[in-house]
>>> print(open('start_18.cif').read())   # mmCIF, C-alpha atoms
data_work
#
loop_
_atom_site.label_atom_id
_atom_site.label_comp_id
_atom_site.auth_asym_id
_atom_site.auth_seq_id
_atom_site.Cartn_x
_atom_site.Cartn_y
_atom_site.Cartn_z
CA ASN I 1 -1.93 -30.26 34.45
CA LEU I 2 -5.24 -28.42 34.13
CA LYS I 3 -7.75 -30.81 32.47
CA SER I 4 -11.10 -29.06 32.73
CA ILE I 5 -12.49 -25.80 34.02
CA GLU I 6 -15.89 -24.27 34.65
CA ILE I 7 -15.90 -20.50 34.67
CA PRO I 8 -18.47 -19.30 37.22
CA GLU I 9 -21.60 -17.31 36.39
CA GLY I 10 -21.06 -13.59 36.75
CA VAL I 11 -17.70 -13.48 34.99
CA THR I 12 -18.03 -11.04 32.09
CA SER I 13 -14.63 -11.26 30.38
CA ILE I 14 -11.76 -13.68 29.77
CA GLY I 15 -8.47 -11.85 29.53
CA ALA I 16 -5.87 -12.00 26.78
CA PHE I 17 -3.83 -15.25 26.84
CA ALA I 18 -5.77 -16.39 29.94
CA PHE I 19 -5.37 -20.10 29.12
CA TYR I 20 -2.46 -19.77 26.71
CA ASN I 21 -0.65 -23.07 26.08
CA CYS I 22 -2.75 -25.08 28.55
CA GLY I 23 -2.04 -28.15 26.44
CA GLY I 24 -3.74 -30.59 28.81
CA LEU I 25 -7.04 -28.70 28.94
CA THR I 26 -9.73 -30.85 27.29
CA SER I 27 -12.95 -29.10 28.28
CA ILE I 28 -14.11 -25.69 29.41
CA GLU I 29 -17.54 -24.29 30.20
CA ILE I 30 -18.05 -20.59 29.60
CA PRO I 31 -21.16 -19.00 31.12
CA GLU I 32 -23.57 -16.78 29.21
CA THR I 33 -22.46 -13.83 31.32
CA VAL I 34 -19.16 -13.65 29.39
CA LYS I 35 -19.29 -10.92 26.76
CA SER I 36 -15.59 -10.55 25.92
CA ILE I 37 -12.82 -13.07 25.16
CA GLY I 38 -9.35 -11.58 24.83
CA ASN I 39 -6.73 -12.14 22.15
CA GLY I 40 -4.97 -15.49 22.41
CA ALA I 41 -7.20 -16.59 25.29
CA PHE I 42 -7.11 -20.27 24.30
CA ALA I 43 -4.13 -20.26 21.93
CA GLY I 44 -2.09 -23.44 22.12
CA CYS I 45 -4.75 -25.44 23.98
CA GLY I 46 -3.95 -28.50 21.91
CA GLY I 47 -6.16 -30.87 23.94
CA LEU I 48 -9.37 -28.83 23.70
CA THR I 49 -11.88 -30.71 21.51
CA SER I 50 -15.04 -28.59 21.61
CA LEU I 51 -16.23 -25.23 22.83
CA GLU I 52 -19.43 -23.19 22.84
CA ILE I 53 -18.98 -19.44 22.68
CA PRO I 54 -21.63 -17.59 24.72
CA SER I 55 -24.31 -15.72 22.79
CA GLY I 56 -23.31 -12.29 24.06
CA VAL I 57 -19.75 -12.33 22.66
CA THR I 58 -19.44 -9.85 19.77
CA SER I 59 -15.96 -10.59 18.43
CA ILE I 60 -13.44 -13.42 18.26
CA GLY I 61 -10.09 -11.73 18.77
CA ASP I 62 -6.68 -12.29 17.21
CA ASN I 63 -5.20 -15.75 17.86
CA THR I 64 -8.05 -16.67 20.22
CA PHE I 65 -8.04 -20.37 19.26
CA SER I 66 -4.78 -20.48 17.31
CA GLY I 67 -3.08 -23.86 17.59
CA CYS I 68 -6.07 -25.67 19.12
CA SER I 69 -5.12 -28.69 17.06
CA SER I 70 -7.69 -31.10 18.58
CA LEU I 71 -10.66 -28.77 18.26
CA THR I 72 -13.29 -30.53 16.12
CA ASP I 73 -16.42 -28.61 17.00
CA ILE I 74 -17.11 -24.98 17.84
CA THR I 75 -20.28 -22.91 17.80
CA ILE I 76 -20.04 -19.26 16.81
CA PRO I 77 -23.13 -17.34 18.02
CA ASP I 78 -24.95 -14.83 15.85
CA SER I 79 -23.85 -12.01 18.16
CA VAL I 80 -20.32 -12.19 16.68
CA THR I 81 -19.57 -9.53 14.06
CA SER I 82 -15.85 -10.09 13.44
CA ILE I 83 -13.35 -12.96 13.39
CA GLY I 84 -9.85 -11.71 14.16
CA ASN I 85 -6.45 -12.37 12.64
CA SER I 86 -5.33 -16.00 13.05
CA ALA I 87 -8.39 -16.64 15.24
CA PHE I 88 -8.56 -20.33 14.26
CA SER I 89 -5.19 -20.76 12.55
CA GLY I 90 -3.71 -24.21 12.99
CA CYS I 91 -7.00 -25.78 14.15
CA SER I 92 -6.05 -28.82 12.10
CA SER I 93 -8.85 -31.10 13.35
CA LEU I 94 -11.71 -28.70 12.62
CA THR I 95 -13.83 -30.27 9.85
CA ASP I 96 -16.60 -27.72 9.39
CA ILE I 97 -17.67 -24.40 10.79
CA THR I 98 -20.71 -22.18 10.35
CA ILE I 99 -20.09 -18.47 10.19
CA PRO I 100 -23.27 -16.64 11.25
CA ASP I 101 -24.94 -13.89 9.22
CA SER I 102 -23.85 -11.34 11.80
CA VAL I 103 -20.17 -11.56 10.81
CA THR I 104 -18.93 -8.77 8.52
CA SER I 105 -15.17 -9.37 8.51
CA ILE I 106 -12.80 -12.35 8.52
CA GLY I 107 -9.26 -11.42 9.55
CA ASN I 108 -5.88 -12.24 8.07
CA SER I 109 -4.99 -15.95 8.40
CA ALA I 110 -8.24 -16.50 10.33
CA PHE I 111 -8.54 -20.15 9.24
CA SER I 112 -5.06 -20.73 7.84
CA GLY I 113 -3.75 -24.25 8.35
CA CYS I 114 -7.20 -25.71 9.10
CA SER I 115 -6.17 -28.72 7.07
CA SER I 116 -9.22 -30.88 7.90
CA LEU I 117 -11.78 -28.21 7.04
CA THR I 118 -13.95 -29.61 4.23
CA ASP I 119 -16.87 -27.22 4.27
CA ILE I 120 -17.41 -23.60 5.16
CA THR I 121 -20.19 -21.17 4.30
CA ILE I 122 -19.34 -17.50 4.09
CA PRO I 123 -22.52 -15.46 4.62
CA ASP I 124 -23.59 -12.48 2.52
CA SER I 125 -22.94 -10.21 5.50
CA VAL I 126 -19.16 -10.60 5.08
CA THR I 127 -17.59 -7.67 3.23
CA SER I 128 -13.92 -8.35 4.00
CA ILE I 129 -11.85 -11.55 3.82
CA GLY I 130 -8.27 -10.97 4.94
CA ASN I 131 -4.90 -12.01 3.55
CA SER I 132 -4.26 -15.77 3.81
CA ALA I 133 -7.68 -16.20 5.45
CA PHE I 134 -8.04 -19.80 4.22
CA SER I 135 -4.44 -20.51 3.23
CA GLY I 136 -3.48 -24.14 3.71
CA CYS I 137 -7.06 -25.41 4.07
CA SER I 138 -5.96 -28.45 2.10
CA SER I 139 -9.22 -30.44 2.50
CA LEU I 140 -11.55 -27.65 1.36
CA THR I 141 -13.21 -28.76 -1.88
CA ASP I 142 -15.60 -25.94 -2.74
CA ILE I 143 -16.27 -22.40 -1.61
CA THR I 144 -18.67 -19.64 -2.60
CA ILE I 145 -17.57 -16.06 -2.12
CA PRO I 146 -20.55 -13.84 -1.29
CA GLU I 147 -21.56 -10.89 -3.46
CA SER I 148 -20.76 -8.51 -0.62
CA VAL I 149 -16.99 -9.08 -1.14
CA THR I 150 -15.12 -6.76 -3.53
CA ASN I 151 -11.51 -7.96 -3.19
CA ILE I 152 -9.92 -11.40 -2.93
CA GLU I 153 -6.85 -10.58 -0.89
CA ASP I 154 -3.23 -11.82 -1.02
CA SER I 155 -2.90 -15.59 -0.58
CA ALA I 156 -6.56 -15.86 0.52
CA PHE I 157 -6.91 -19.45 -0.76
CA GLU I 158 -3.26 -20.34 -1.31
CA TYR I 159 -2.42 -24.05 -0.91
CA CYS I 160 -6.09 -25.12 -0.88
CA SER I 161 -4.98 -28.20 -2.78
CA SER I 162 -8.37 -29.99 -2.79
CA LEU I 163 -10.30 -26.99 -4.07
CA THR I 164 -11.93 -28.00 -7.35
CA GLY I 165 -14.47 -25.23 -7.75
CA ILE I 166 -14.92 -21.65 -6.64
CA THR I 167 -17.55 -19.07 -7.48
CA ILE I 168 -16.35 -15.50 -7.86
CA PRO I 169 -19.25 -13.02 -7.75
CA GLU I 170 -19.65 -9.97 -9.97
CA SER I 171 -19.00 -7.73 -6.99
CA VAL I 172 -15.29 -8.63 -7.03
CA THR I 173 -13.06 -6.03 -8.71
CA SER I 174 -9.61 -7.36 -7.86
CA ILE I 175 -7.87 -10.68 -7.27
CA GLU I 176 -4.63 -10.03 -5.42
CA ARG I 177 -1.27 -11.78 -5.71
CA TYR I 178 -0.99 -15.45 -4.79
CA ALA I 179 -4.76 -15.57 -4.15
CA PHE I 180 -5.10 -19.13 -5.49
CA ARG I 181 -1.44 -20.13 -5.70
CA ASN I 182 -0.81 -23.89 -5.56
CA CYS I 183 -4.50 -24.81 -5.64
CA THR I 184 -3.43 -27.96 -7.42
CA GLY I 185 -6.95 -29.43 -7.69
CA LEU I 186 -8.51 -26.38 -9.35
CA LYS I 187 -9.58 -27.32 -12.88
CA SER I 188 -11.49 -24.29 -14.13
CA ILE I 189 -12.52 -20.86 -12.96
CA THR I 190 -14.76 -18.14 -14.34
CA ILE I 191 -13.62 -14.54 -13.94
CA PRO I 192 -16.52 -12.05 -14.08
CA LYS I 193 -16.15 -8.88 -16.14
CA SER I 194 -16.20 -6.82 -12.94
CA VAL I 195 -12.63 -7.95 -12.15
CA GLU I 196 -10.25 -5.16 -13.20
CA SER I 197 -6.94 -6.49 -11.91
CA VAL I 198 -5.23 -9.81 -11.17
CA GLY I 199 -2.14 -9.82 -8.98
CA ASP I 200 1.20 -11.50 -9.61
CA GLU I 201 1.15 -15.30 -9.51
CA ALA I 202 -2.52 -15.34 -8.47
CA PHE I 203 -2.89 -18.77 -10.10
CA SER I 204 0.71 -19.99 -10.12
CA GLY I 205 1.14 -23.66 -9.32
CA CYS I 206 -2.45 -24.49 -10.31
CA THR I 207 -1.22 -27.48 -12.25
CA ALA I 208 -4.65 -29.01 -12.99
CA LEU I 209 -6.12 -25.78 -14.37
CA THR I 210 -7.40 -26.31 -17.90
CA GLU I 211 -9.54 -23.22 -18.40
CA VAL I 212 -9.73 -19.65 -17.16
CA LEU I 213 -12.99 -18.33 -18.57
CA LEU I 214 -13.21 -14.56 -18.98
CA GLU I 215 -16.71 -13.17 -19.28
CA GLY I 216 -17.44 -11.04 -22.32
CA GLY I 217 -16.73 -7.36 -21.79
CA SER I 218 -13.79 -8.00 -19.48
CA THR I 219 -10.93 -5.49 -19.67
CA LEU I 220 -8.42 -8.20 -18.76
CA THR I 221 -6.23 -9.99 -21.27
CA SER I 222 -4.51 -13.36 -21.15
CA GLU I 223 -1.28 -11.59 -20.12
CA SER I 224 -3.00 -10.67 -16.84
CA PHE I 225 -2.77 -14.31 -15.78
CA GLY I 226 0.96 -14.94 -15.97
CA GLU I 227 1.94 -18.60 -16.24
CA VAL I 228 -1.65 -19.75 -16.93
CA ALA I 229 -2.12 -17.24 -19.78
CA ASP I 230 -2.45 -20.10 -22.26
CA LYS I 231 -5.53 -21.38 -20.39
CA VAL I 232 -7.50 -18.15 -20.83
CA VAL I 233 -10.66 -18.31 -22.93
CA THR I 234 -12.97 -15.34 -23.50
CA ARG I 235 -16.72 -15.91 -23.62
CA TRP I 236 -18.45 -13.25 -25.68
#
>>> encode(input="start_18.cif", output="structure tokens")
Amino acid sequence: NLKSIEIPEGVTSIGAFAFYNCGGLTSIEIPETVKSIGNGAFAGCGGLTSLEIPSGVTSIGDNTFSGCSSLTDITIPDSVTSIGNSAFSGCSSLTDITIPDSVTSIGNSAFSGCSSLTDITIPDSVTSIGNSAFSGCSSLTDITIPESVTNIEDSAFEYCSSLTGITIPESVTSIERYAFRNCTGLKSITIPKSVESVGDEAFSGCTALTEVLLEGGSTLTSESFGEVADKVVTRW
């Protein structure tokens, strides 16, 4: 029956699963004294609509906001350096989010199932994007992967059915299996010559794909792309 809560000044940490499944909780005020928020602290708080994370928090742990299905607005401060596994998974009302330049890693399934997310900017500080990080972000239309990233992991953008364009930087050396599987809105993609391997079914189910453009000098062949091999064009 808990509807709202104000955590008093002086509290420095919120423990793991502290408010787990408090489905009726609609608002919470966290003081600037809080420096640590535990794993799953707000998981399943389906009534929570907005939240401001204090500026001293350095990491968003695993499952911290998982299943916060009414969350539309959240501010991540520039003190945060990592976003944990499934941190925002299932936040199906979240429409946009800004990841600050301080963040270096985005965990596995961090934003999976954020089906209303239309826009997200990944800063150049990010060097690691985990498996299934944006899987099922079915409203996401465009994304730019920063040049600091070297691998596009398993299922990273799987089922991003509204994704029409994506920029893969020359820093990327591998695209893992299922990376873009069932991105049914994806029409074309350019693969830089830096990419040395493409995993199984990386582009399977991309039914609108008309062109996979390989940059000249690439060591890849059309056979590297499985069922979309007939869409591969090499630009010399």
>>> resolve_selection(input="start_18.cif", expression="the PyMOL selection byres ((chain I and resi 131) around 8)", output="list in words")
Gly107, Asn108, Ser109, Ile129, Gly130, Ser132, Ala133, Glu153, Asp154, Ser155 and Ala156 of chain I
>>> residues_around(input="start_18.cif", residues="segment 190-196 of chain I", least_positions_apart="5", cutoff="7 Å", atoms="all atoms listed in the file", output="CSV table (one decimal) with C-alpha atoms, in the frame of the given file")
chain,number,residue,atom,x,y,z
I,168,ILE,CA,-16.4,-15.5,-7.9
I,169,PRO,CA,-19.2,-13.0,-7.8
I,170,GLU,CA,-19.6,-10.0,-10.0
I,171,SER,CA,-19.0,-7.7,-7.0
I,172,VAL,CA,-15.3,-8.6,-7.0
I,173,THR,CA,-13.1,-6.0,-8.7
I,174,SER,CA,-9.6,-7.4,-7.9
I,212,VAL,CA,-9.7,-19.6,-17.2
I,213,LEU,CA,-13.0,-18.3,-18.6
I,214,LEU,CA,-13.2,-14.6,-19.0
I,215,GLU,CA,-16.7,-13.2,-19.3
I,216,GLY,CA,-17.4,-11.0,-22.3
I,217,GLY,CA,-16.7,-7.4,-21.8
I,218,SER,CA,-13.8,-8.0,-19.5
I,219,THR,CA,-10.9,-5.5,-19.7
I,220,LEU,CA,-8.4,-8.2,-18.8
>>> closest_residue(input="start_18.cif", among="I:Thr207, I:Glu52, I:Thr95, I:Val11", to="Ser36 of chain I", atoms="only C-alpha atoms")
I:Val11
>>> atom_distance(input="start_18.cif", atom1="atom CA of Gly10 of chain I", atom2="atom CA of Thr33 of chain I")
5.6 Å
>>> closest_atom_pairs(input="start_18.cif", of="segment 89-179 of chain I", to="segment 56-72 of chain I", cutoff="10 Å", atoms="all atoms listed in the file", output="tab-separated table")
residue	atom	partner	partner_atom	distance
I:Ser89	CA	I:Ser66	CA	4.8
I:Gly90	CA	I:Gly67	CA	4.7
I:Cys91	CA	I:Ser69	CA	4.5
I:Ser92	CA	I:Ser69	CA	5.0
I:Ser93	CA	I:Thr72	CA	5.3
I:Leu94	CA	I:Thr72	CA	4.3
I:Thr95	CA	I:Thr72	CA	6.3
I:Asp96	CA	I:Thr72	CA	8.0
I:Ile97	CA	I:Thr72	CA	9.2
I:Ser102	CA	I:Thr58	CA	9.2
I:Val103	CA	I:Ser59	CA	8.8
I:Ile106	CA	I:Ile60	CA	9.8
I:Gly107	CA	I:Asp62	CA	8.1
I:Asn108	CA	I:Asp62	CA	9.2
I:Ser109	CA	I:Asn63	CA	9.5
I:Ala110	CA	I:Asn63	CA	8.2
I:Phe111	CA	I:Ser66	CA	8.9
I:Ser112	CA	I:Ser66	CA	9.5
I:Gly113	CA	I:Gly67	CA	9.3
I:Cys114	CA	I:Ser69	CA	8.8
I:Ser116	CA	I:Thr72	CA	9.2
I:Leu117	CA	I:Thr72	CA	9.5
>>> axis_aligned_box(input="start_18.cif", around="segment 220-235 of chain I", padding_each_side="5 Å", output="lines of an AutoDock Vina configuration file")
center_x = -7.4
center_y = -14.8
center_z = -19.7
size_x = 28.7
size_y = 23.2
size_z = 17.8
>>> closest_residue(input="start_18.cif", among="I:Val126, I:Ile5, I:Ile166, I:Val80", to="Ile143 of chain I", atoms="all atoms listed in the file")
I:Ile166
>>> closest_residue(input="start_18.cif", among="I:Asn85, I:Thr141, I:Ser105, I:Ser148", to="Asp124 of chain I", atoms="only C-alpha atoms")
I:Ser148
>>> residues_around(input="start_18.cif", residues="Ile189 of chain I", least_positions_apart="6", cutoff="12 Å", atoms="all atoms listed in the file", output="list of chain:residue names")
I:Asp142, I:Leu163, I:Thr164, I:Gly165, I:Ile166, I:Thr167, I:Ile168, I:Pro169, I:Phe180, I:Cys183, I:Phe203, I:Cys206, I:Ala208, I:Leu209, I:Thr210, I:Glu211, I:Val212, I:Leu213, I:Leu214, I:Glu215, I:Val228, I:Lys231, I:Val232, I:Val233, I:Thr234
>>> residues_around(input="start_18.cif", residues="Glu201 of chain I", least_positions_apart="4", cutoff="12 Å", atoms="only C-alpha atoms", output="VMD selection string")
chain I and resid 154 to 155 158 175 to 183 205 to 206 223 to 229
>>> atom_distance(input="start_18.cif", atom1="atom CA of Pro100 of chain I", atom2="atom CA of Pro146 of chain I")
13.1 Å
>>> closest_residue(input="start_18.cif", among="I:Glu6, I:Tyr159, I:Thr75, I:Ala41", to="Tyr20 of chain I", atoms="all atoms listed in the file")
I:Ala41
>>> atom_distance(input="start_18.cif", atom1="atom CA of Glu147 of chain I", atom2="atom CA of Ile99 of chain I")
15.7 Å
>>> closest_residue(input="start_18.cif", among="I:Ser125, I:Thr12, I:Ser55, I:Asn21", to="Ile37 of chain I", atoms="only C-alpha atoms")
I:Thr12
>>> closest_residue(input="start_18.cif", among="I:Thr184, I:Asn151, I:Thr104, I:Ser115", to="Phe88 of chain I", atoms="only C-alpha atoms")
I:Ser115
>>> residues_around(input="start_18.cif", residues="Pro8 of chain I", least_positions_apart="5", cutoff="12 Å", atoms="all atoms listed in the file", output="CSV table (one decimal) with C-alpha atoms, in the coordinates of the input")
chain,number,residue,atom,x,y,z
I,13,SER,CA,-14.6,-11.3,30.4
I,14,ILE,CA,-11.8,-13.7,29.8
I,28,ILE,CA,-14.1,-25.7,29.4
I,29,GLU,CA,-17.5,-24.3,30.2
I,30,ILE,CA,-18.0,-20.6,29.6
I,31,PRO,CA,-21.2,-19.0,31.1
I,32,GLU,CA,-23.6,-16.8,29.2
I,33,THR,CA,-22.5,-13.8,31.3
I,34,VAL,CA,-19.2,-13.6,29.4
>>> resolve_selection(input="start_18.cif", expression="the PyMOL selection byres ((chain I and resi 2) around 10)", output="PyMOL selection string")
chain I and resi 1+3-5+19+22-27
